[in-house]
Amino acid sequence: MNDTLKCKMNISSKDLESRIVGENASESLSAIEDLLKLIDVIGDEVLSKSGPTRPTQVEAQSVTLALSRFLHFSGSSEQILGQKELNDLKKYARETVFPRCFEAALKNVSVEANNKLNPSDKHRFNELLFNLVKQGPSFQVFMVLNTVLINSCAGFSQMKFISLMESFIGEKLQSLFLEQCLVEKISTNKEFDQKQNYVEWEELISALSSFPDRIAGKLQNHNNSDKFLPKNYIELLGNTIIIVLEEVHGLLTSDQDCSLEFISRLIGKLCLSGYADILWSSMIRRLCVFVKQNYIWCRICERIVTRVPDKCIESVIVPLLQKIPWYGLVDKFLGDSILTNRKIHFLLCTKLLFHRYFDETQLVRNILGYLASSHTRRMLYLETMENLLSVWGDGSAIKHTSYSQHLFISRALMICIGYLSDKEKSMLKDEFLRILMPAVQCHIGSSDIKLRNLGMVVAETLTTTLDPKGPKLQFEFEKDEEVYDLLSYLEVPEDTSTQTQEEITRSENKDIEQGTCKTTHNPTNLTDDQNTKHNIQTEIELDSDDDLEPYDMSNDVKKTKVKNPKYIRDCMEGLICSDDAEKVEACLFNAEALIRKSPDGLKEIAAEFSKILLHLQDNFSSHGFDAIRFGAMVALAVECPVEVAGYLSSQFYERNYNLRQRMNILEVLSAAAQELAKPVDKSRVRQPKPVEEIKPSKESDDWREIVEKRIEGKTRRFIKGRTQPEPAQVANRFAPVAGHFFFPLLKHFDRSQASFDLLGEETVVLRKLIFSLGIILYSALHAPLATRMCVNLLEFIWVLRYHSDSCIRQALLYATSMIILVLPPFGILTDLQDVMLETKSWLQETIDKDKDTECKRMALQALMLFENTIQKGFKLSLNDAGK
Amino acid sequence: MASSNSRLPPDPLFILRGSKSAITCLHYENTGSGRLFSGCQEGEVYIWDLKTRRIKEMFDAHTKSSVLWIKSFEHNKLITQGRDGFIKIWHYKNSKWNISGMFKCSTLVFCSSVLFTHEGIKYIAIPSTTASKVDIISVDSSQDVVSIQPIERKQGMCMCLKYAGTSNNKQLILIGYESGELQLWNIFSKTLMDQLSIFPESIMCMDYSEKYLKGMCGSVSNKLVTFKVADDKLIMDKTVEVVNEGFNDITIRGDDKLIVTCGWDESIRLFSLKSLKQLAVLKYHKESIQCCTFTSDNILICGSKDKLISLWEIYS
């Protein structure tokens with residue numbers, strides 16, 4: 001545009017602007033009207049772009065005329081404008097004149113200005129504003145409105161702007177987006193225009209994406225419109241994008257060029273701002289239907305997904321992959337971009353599978369299905385699978401990643417197995433088995449039962465799949481829910497969604513209808529319910545009509561041939577030397593009850609009896625054998641703590657015991673310690689009530705007594721004092737014997753034997769030992785020995801604190817918590833200060849550095865306990881000082 | 001319901017003591033005489049007066065062989081079956097029980113015979129000396145009328161017999177065999193109507209209600225199986241499992257409401273015939289219960305190996 005023309009336009013637009021802002025109300029209104037008419041003539045950008053390239057004489061004339069009329073654009077009315085000039089002029093009017101004037105018009109919105117207007121003018125002004133929003137070039141309208149709204153202050157004008165914005169968002173977004181998609185054919189300076197475009201888009205997109213946040217910040221809760229809430233706003237954007245895409249699709253099929261770059265950038269930005277879930281949820285169902293329709297739709301989707309700016313690609317693709325319902329559709333959205341785009345390749349093959357993990361599995365199903373579903377990507381799939389397998393089987397990876405991540409990798413592996421073809425199986429068999437074997441060993445050697453199960457399931461499946469005829473791995477494991485879950489990943493999912501466009505709209509409508517109809521349906525349902533209830537009742541009545549009432553059936557017991565033992569020695573004998581299943585069972589089942597009676601002479605045989613029980617084998621697979629034996633052993637240890645605990649704890653480090661027996665010893669000791677520590681009023685339970693002499697009741701002769709009785713009879717008492725007697729004090733049964741339970745267990749933990757190496761392979765026992773020590777220590781709360789026990793246990797923990805197995809560390813943390821609970825606060829502050837401070841720094845280190853989440857949690861808990869105790873200790877010492 | 005469940009089962013109404021050996025069979029005479037017949041392992045028959053609850057009479061019917069079955073008929077007439085292989089018909093004359101007839105039957109089985117009337121003629125069905133064969137004998141003429149025998153002889157011995165009444169002019173009889181098979185026969189045409197394998201073991205006892213066309217079988221296991229007869233066909237119905245194994249006798253009460261089972265586990269179990277719900281477990285005897293019957297006023301009478309006869313008043 002030549003400078004003179006520009007200058008003229010500038011002057012005349014200023015004139016219009018000043019007319020709009022001017023004091024004279026009617027003048028201002030007519031100025032706005034002029035502006036509207038001008039827009040009318042200049043036309044929307046969409047029209048001008050898709051319109052005929054060569055303007056007719058008439059159009060040129062009408063534009064000039066309009067300019068001269070509405071802008072008082074003088075001087076060049078005779079001169080007929082050329083093609084380029086005309087376009088430039090229009091553009092200038094749109095991009096410079098309109099925003100300035102529109103902003104000026106919006107400035108007029110205020111209470112004072114409104115008061116000056118008479119009612120009809122008010123109405124007209126309002127209407128004009130809405131028309132400006134509707135007819136003005138949408139880009140400029142949005143930018144101006146957005147700025148004005150953000151800068152507005154609460155009040156009349158703000159309300160107005162909100163309603164203007166609402167109407168814009170409701171009606172004009174579509175054309176705003178569509179405008180950006182149309183390619184300007186006539187532009188001569190392509191590169192410059194492109195850049196110009198990018199700057200504009202950048203501005204528009206950031207305004208669009210930040211709008212809900214900024215508006216919420218501005219308006220706070222009370223004034224905000226529902227339409228501006230992120231969920232509604234983003235959904236609206238999503239729906240608008242869909243509509244625009246449909247139009248673009250129409251244009252493309254009629255051979256017109258469109259650019260999807262704007263849409264792609266917009267989606268990228270929205271996803272980056274954290275709206276990805278809402279956005280894709282609003283679009284994915286329709287898009288999935290579209291991509292099945294034809295090839296053009298696939299291209300459109302591929303474009304908008306893969307052409308997002310690099311920095312947004314992860315935030316776009318991850319939620320999209322989580323939302324796509326079937327892996328076969330992933331191809332339509334991503335095309336073969338993984339082969340060309342390094343970033344996508346890294347994201348799908350490495351980052352999402354190995355660096356991150358997800359609880360829900362649609363994402364990993366989609367990724368692996370996508371990789372496996374085309375011959376072009378098949379190599380990638382095999383490569384990924386091998387990577388997965390080697391990471392899955394890597395010993396240090398297993399140790400240093402959390403269980404959830406490992407589960408995620410296992411699932412991915414199972415999905416991979418499902419896609420293997422026969423040819424690949426035979427090709428890869430050797431390689432995979434080579435990786436698999438040490439991996440299985442790593443898993444089975446783990447102390448976590450869940451990890452072991454994972455290893456067994458995956459290994460079993462992999463070997464059977466790779467070589468159905470060859471030798472197989474077979475494990476015994478419980479088929480629980482997790483196992484079935486894992487196995488379910490083997491199946492290649494079928495496409496289940498066969499919805500068409502119409503069905504989606506119908507179902508959406510239905511959703512809305514249901515919301516309204518629910519209340520009306522209820523009454524009929526209710527009567528149905530009542531009817532059925534009535535029917536059932538009558539049926540029951542009919543049935544019970546002649547039925548005879550049953551008696552108590554508790555006397556219906558299993559007949560046994562052997563008599564239950566009555567004496568403890570009989571019971572012992574029956575357990576030792578009997579091949580008679582029924583006799584052994586009868587003895588076993590009655591053992592606990594007999595012991596609990598605490599007969600005389602139990603002490604002499606208690607150790608002997610616990611030896612028998614410890615060595616007893618479940619030869620007859622009796623029902624509930626373990627629990628019953630355990631109960632009997634605990635009963636023994638409770639009745640005769642010194643003898644039994646002494647015996648059991650001395651046996652713990654002996655040779656020739658199996659794991660089961662050692663675990664048993666620990667379990668019995670901790671259960672007995674807990675039971676002993678519980679206050680039980682034994683004397684009261686056992687002693688029968690003394691017999692009272694029944695005195696013959698005789699009328700008392702004393703008049704005083706009679707009067708008192710009468711008064712008592714007529715007195716109402718509201719409170720009778722304490723209804724329950726104070727709990728009786730009972731001596732702690734555990735305190736005197738705690739040492740027998742505790743110290744022997746710490747004796748030889750570092751002595752390694754050929755059969756029993758506590759610090760080596762027997763992590764299961766070590767874990768149990770630490771837990772048991774913790775429990776026993778806690779049972780000894782308030783016992784005089786407790787501090788001594790704490791010191792010893794702390795030393796023990798100190799040695800093991802960097803154990804490589806996470807479950808040992810968990811047990812240690814548990815024991816630490818127990819120490820903190822048991823130690824008297826002043827003990828922490830005085831004698832044990834050094835050790836406890838060291839422990840504290842260890843806890844902090846664990847919180848910061850440990851790989852295991854459970855360890856972290858427990859360390860945090862222990863640390864909190866520690867802080868609490870110290871605070872309590874300080875308070876106490878302050879109180880003491882105060883006294 | 002909770003209150004009813006806490007109801008304890010009753011104790012026996014009375015115990016009849018005096019039998020010299022284990023009680024093997026019981027028969028209550030329904031004529032209003034109030035007489036109870038009991039047979040025992042040593043071959044004696046005791047006649048008890050339930051009004052005085054004392055032994056009225058006693059005579060040696062099958063010396064040293066247990067009495068399997070006693071049935072009184074007409075006036076002062078009695079049939080007894082012993083394990084000595086004889087069915088004896090007794091007549092009370094001159095204050096003494098005299099033998100008026102005798103038939104040969106199997107010595108090996110514990111199967112009791114059954115008495116029924118057809119067109120005014122009394123017949124008894126007895127386990128024959130040949131295994132798995134049943135002879136029908138007319139009581140008055142002492143003649144062998146019909147013999148029923150399955151064609152394949154896999155069934156083993158007859159374990160129990162039950163007359164199943166008339167249906168479409170057919171006289172039906174149910175026979176339970178050692179093989180666990182139950183067969184339904186038309187007596188006089190000697191045709192097998194249907195057969196049903198009920199247990200893998202032998203059928204130890206059985207009773208049948210003509211009113212509901214429904215019966216129950218017991219075996220050595222802890223299962224009780226009911227069957228139905230419809231259109232001359234046997235249909236397996238339900239299986240009830242109880243705590244202990246082994247049954248000696250099953251009796252359905254005269255009013256077709258109650259089933260009583262006599263178990264090896266010294267307990268008497270009561271079931272509702274209709275729902276097969278277990279109603280009560282009665283315990284008194286020290287040894288297995290061998291037989292049971294009901295009086296006309298629904299007093300339950302049970303005989304046990306411990307030589308005692310217990311009377312129970314329950315659901316009467």
# chains A, B, ... in the order shown; residues from 1 in each chain; ligands from 1

call {"tool": "closest_atom_pairs", "arguments": {"of": "chain A", "to": "chain B", "cutoff": "7 Å", "atoms": "only C-alpha atoms", "output": "Markdown table"}}
result
| residue | atom | partner | partner_atom | distance |
| --- | --- | --- | --- | --- |
| A:Leu548 | CA | B:Ser272 | CA | 6.8 |
| A:Glu549 | CA | B:Ser4 | CA | 6.8 |
| A:Pro550 | CA | B:Leu279 | CA | 4.0 |
| A:Tyr551 | CA | B:Ala280 | CA | 5.2 |
| A:Asp552 | CA | B:Asn5 | CA | 4.7 |
| A:Met553 | CA | B:Ala280 | CA | 6.2 |
| A:Asp556 | CA | B:Val281 | CA | 6.2 |
| A:Val557 | CA | B:Val243 | CA | 6.7 |
| A:Lys558 | CA | B:Val243 | CA | 5.9 |
| A:Lys559 | CA | B:Asp265 | CA | 6.5 |

call {"tool": "select_by_dssp", "arguments": {"residues": "region 28-178 of chain B", "states": "strand (DSSP E)", "output": "ChimeraX atom specification"}}
result
/B:28,35-40,44-49,54-60,67-73,77-82,86-93,96-104,114-118,121-127,134-138,143-148,158-167,170-177

call {"tool": "residues_around", "arguments": {"residues": "Asn248 (chain B)", "least_positions_apart": "4", "cutoff": "6 Å", "atoms": "only C-alpha atoms", "output": "list in words"}}
result
Cys262, Gly263 and Gln290 of chain B

call {"tool": "closest_residue", "arguments": {"among": "A:Val141, A:Leu666, A:Leu781, A:Leu35", "to": "Leu745 (chain A)", "atoms": "only C-alpha atoms"}}
result
A:Leu666

call {"tool": "atom_distance", "arguments": {"atom1": "CA of Leu50 (chain B)", "atom2": "CA of Ser21 (chain B)"}}
result
19.8 Å

call {"tool": "residues_around", "arguments": {"residues": "region 198-201 of chain B", "least_positions_apart": "5", "cutoff": "12 Å", "atoms": "only C-alpha atoms", "output": "ChimeraX atom specification"}}
result
/B:155-156,159,175-183,206,215-228,234-239,246

call {"tool": "atom_distance", "arguments": {"atom1": "CA of Leu793 (chain A)", "atom2": "CA of Gln810 (chain A)"}}
result
15.0 Å

call {"tool": "atom_distance", "arguments": {"atom1": "CA of Val67 (chain B)", "atom2": "CA of Thr251 (chain B)"}}
result
18.3 Å

call {"tool": "residues_around", "arguments": {"residues": "Asn658 (chain A)", "least_positions_apart": "3", "cutoff": "9 Å", "atoms": "only C-alpha atoms", "output": "list in words"}}
result
Arg655, Gln661, Arg662, Met663, Ser755 and Phe756 of chain A

call {"tool": "write_last_selection", "arguments": {"atoms": "all heavy atoms", "output": "CSV table (one decimal), in the first residue's frame"}}
result
chain,number,residue,atom,x,y,z
A,655,ARG,N,21.1,-76.1,64.6
A,655,ARG,CA,21.1,-76.7,63.3
A,655,ARG,C,19.9,-77.6,63.1
A,655,ARG,O,19.1,-77.8,64.0
A,655,ARG,CB,22.4,-77.5,63.1
A,655,ARG,CG,23.5,-76.6,62.6
A,655,ARG,CD,24.8,-77.4,62.4
A,655,ARG,NE,25.2,-78.0,63.7
A,655,ARG,CZ,26.3,-78.7,63.8
A,655,ARG,NH1,26.9,-79.1,62.8
A,655,ARG,NH2,26.7,-79.2,65.0
A,661,GLN,N,10.0,-74.4,60.6
A,661,GLN,CA,10.1,-74.4,62.1
A,661,GLN,C,10.7,-73.1,62.7
A,661,GLN,O,10.2,-72.6,63.7
A,661,GLN,CB,11.0,-75.6,62.5
A,661,GLN,CG,10.3,-76.9,62.3
A,661,GLN,CD,11.2,-78.1,62.4
A,661,GLN,OE1,12.3,-78.1,61.8
A,661,GLN,NE2,10.7,-79.2,63.0
A,662,ARG,N,11.7,-72.6,61.9
A,662,ARG,CA,12.3,-71.3,62.5
A,662,ARG,C,11.2,-70.2,62.4
A,662,ARG,O,11.1,-69.4,63.3
A,662,ARG,CB,13.5,-70.9,61.6
A,662,ARG,CG,14.7,-71.9,61.9
A,662,ARG,CD,15.9,-71.4,61.1
A,662,ARG,NE,16.7,-72.5,60.7
A,662,ARG,CZ,17.7,-73.1,61.5
A,662,ARG,NH1,17.9,-72.6,62.7
A,662,ARG,NH2,18.4,-74.1,61.0
A,663,MET,N,10.5,-70.2,61.3
A,663,MET,CA,9.4,-69.1,61.2
A,663,MET,C,8.4,-69.3,62.3
A,663,MET,O,7.9,-68.4,62.9
A,663,MET,CB,8.7,-69.2,59.9
A,663,MET,CG,9.6,-69.1,58.7
A,663,MET,SD,10.1,-67.4,58.4
A,663,MET,CE,8.8,-66.8,57.3
A,755,SER,N,23.9,-74.7,56.8
A,755,SER,CA,22.5,-75.0,56.5
A,755,SER,C,21.6,-73.7,56.7
A,755,SER,O,20.5,-73.6,56.3
A,755,SER,CB,22.0,-76.1,57.5
A,755,SER,OG,22.2,-75.7,58.8
A,756,PHE,N,22.2,-72.7,57.4
A,756,PHE,CA,21.3,-71.6,57.8
A,756,PHE,C,22.2,-70.3,57.8
A,756,PHE,O,22.9,-70.1,58.8
A,756,PHE,CB,20.7,-71.9,59.2
A,756,PHE,CG,19.8,-70.8,59.6
A,756,PHE,CD1,18.7,-70.4,58.8
A,756,PHE,CD2,19.9,-70.2,60.9
A,756,PHE,CE1,17.8,-69.4,59.2
A,756,PHE,CE2,19.0,-69.2,61.3
A,756,PHE,CZ,18.0,-68.8,60.5
